[in-house]
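See below for the structure under consideration.
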Amino acid sequence: MAAQLGISRNLTREAVKALELARVLEIRRGAGTYVTSLEPGVLLGGLGSAVELLQGETMLELTEVRRLFEPVAAGLAASRISAFALAQVEGHLSAMREACDDVELLNRHDAAFHRAVVDATGNQTLASLLEGISSRTVRARVWRGMIDGNAAARTLAEHVAIYEALVAGDAALAQATALVHVSTTEKWLRKHLADGNDELDDARPGRSAAATDDE
């Protein structure tokens with residue numbers, strides 16, 4: 001390959017490493033180097049890890065991006081969702097109701113609820129982007145804040161409104177209800193940051209209790 005491209009072996013190795021990091025190539029030890037499927041889920045799969053490291057105002061920017069994409073995805077889903085996908089959304093909604101006091105379980109089914117809605121669009125690129133920017137840390141802290149602030153019932157009601165719009169096949173209503181829901185999260189996050197609460201930053205992966213205490 002180096003000879004064909006007219007470049008050095010070292011430069012070729014660096015290029016292959018870069019393409020591996022970008023998930024364009026897959027190096028199988030002892031078997032060779034292969035081009036991946038180049039599917040959106042593969043190429044965009046590393047986005048989520050980077051998102052989990054965001055903090056402060058940058059995290060707020062992430063929520064603004066969700067506000068741009070997620071309502072549109074809900075509108076598309078309303079016009080395309082199958083009976084099977086609708087049943088999955090309903091299942092996660094029911095699980096959220098039952099887990100009203102369990103933040104971890106709520107967070108898990110909240111993420112699954114939105115994933116099922118976006119997957120119903122049939123748009124793999126959109127699904128991969130939204131999966132990448134939907135920070136588990138932010139979701140977890142928002143749910144804890146909602147529960148502590150006695151606002152969990154209202155947030156659950158917003159999920160119900162999204163589901164009912166999907167059942168009705170009403171794209172405009174689905175988009176509107178999803179916008180209200182994401183805006184609620186954004187409003188909570190803005191207030192959280194304005195109050196100077198650094199709990200979101202402390203909750204990032206890799207932050208040990210000892211490290212937090214030292215700071």
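Going by the structure tokens order, chains are called A, B, ..., each with residues numbered from 1, while ligands are numbered from 1 in the order shown.
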
Exercise: stretch 62-67 of chain A partners within 8 Å, only C-alpha atoms, chain neighbours under 2 positions left out, as a ChimeraX atom specification: /A:58-60,69-71,130,133-134,179,182-183,185-186

Atomic separation - atom CA of A:Met96 relative to atom CA of A:Asp110, Å: 6.9 Å

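Closest to A:Ala153 among A:Arg29, A:Glu98, A:Ala172, A:Ala83 is A:Glu98, based on only C-alpha atoms.
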
Nearest to A:Asp102 by atom-to-atom distance, counting only C-alpha atoms, from A:Trp188, A:Gly169, A:Ala152, A:Ala74: A:Ala152

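Minimum atom-to-atom distance to A:Val117, evaluated using only C-alpha atoms, belongs to A:Ala73 out of A:Ile7, A:Ala194, A:Val35, A:Ala73.
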
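The gap separating atom CA of A:Thr121 from atom CA of A:Ala99 is 27.0 Å, in Å to one decimal.
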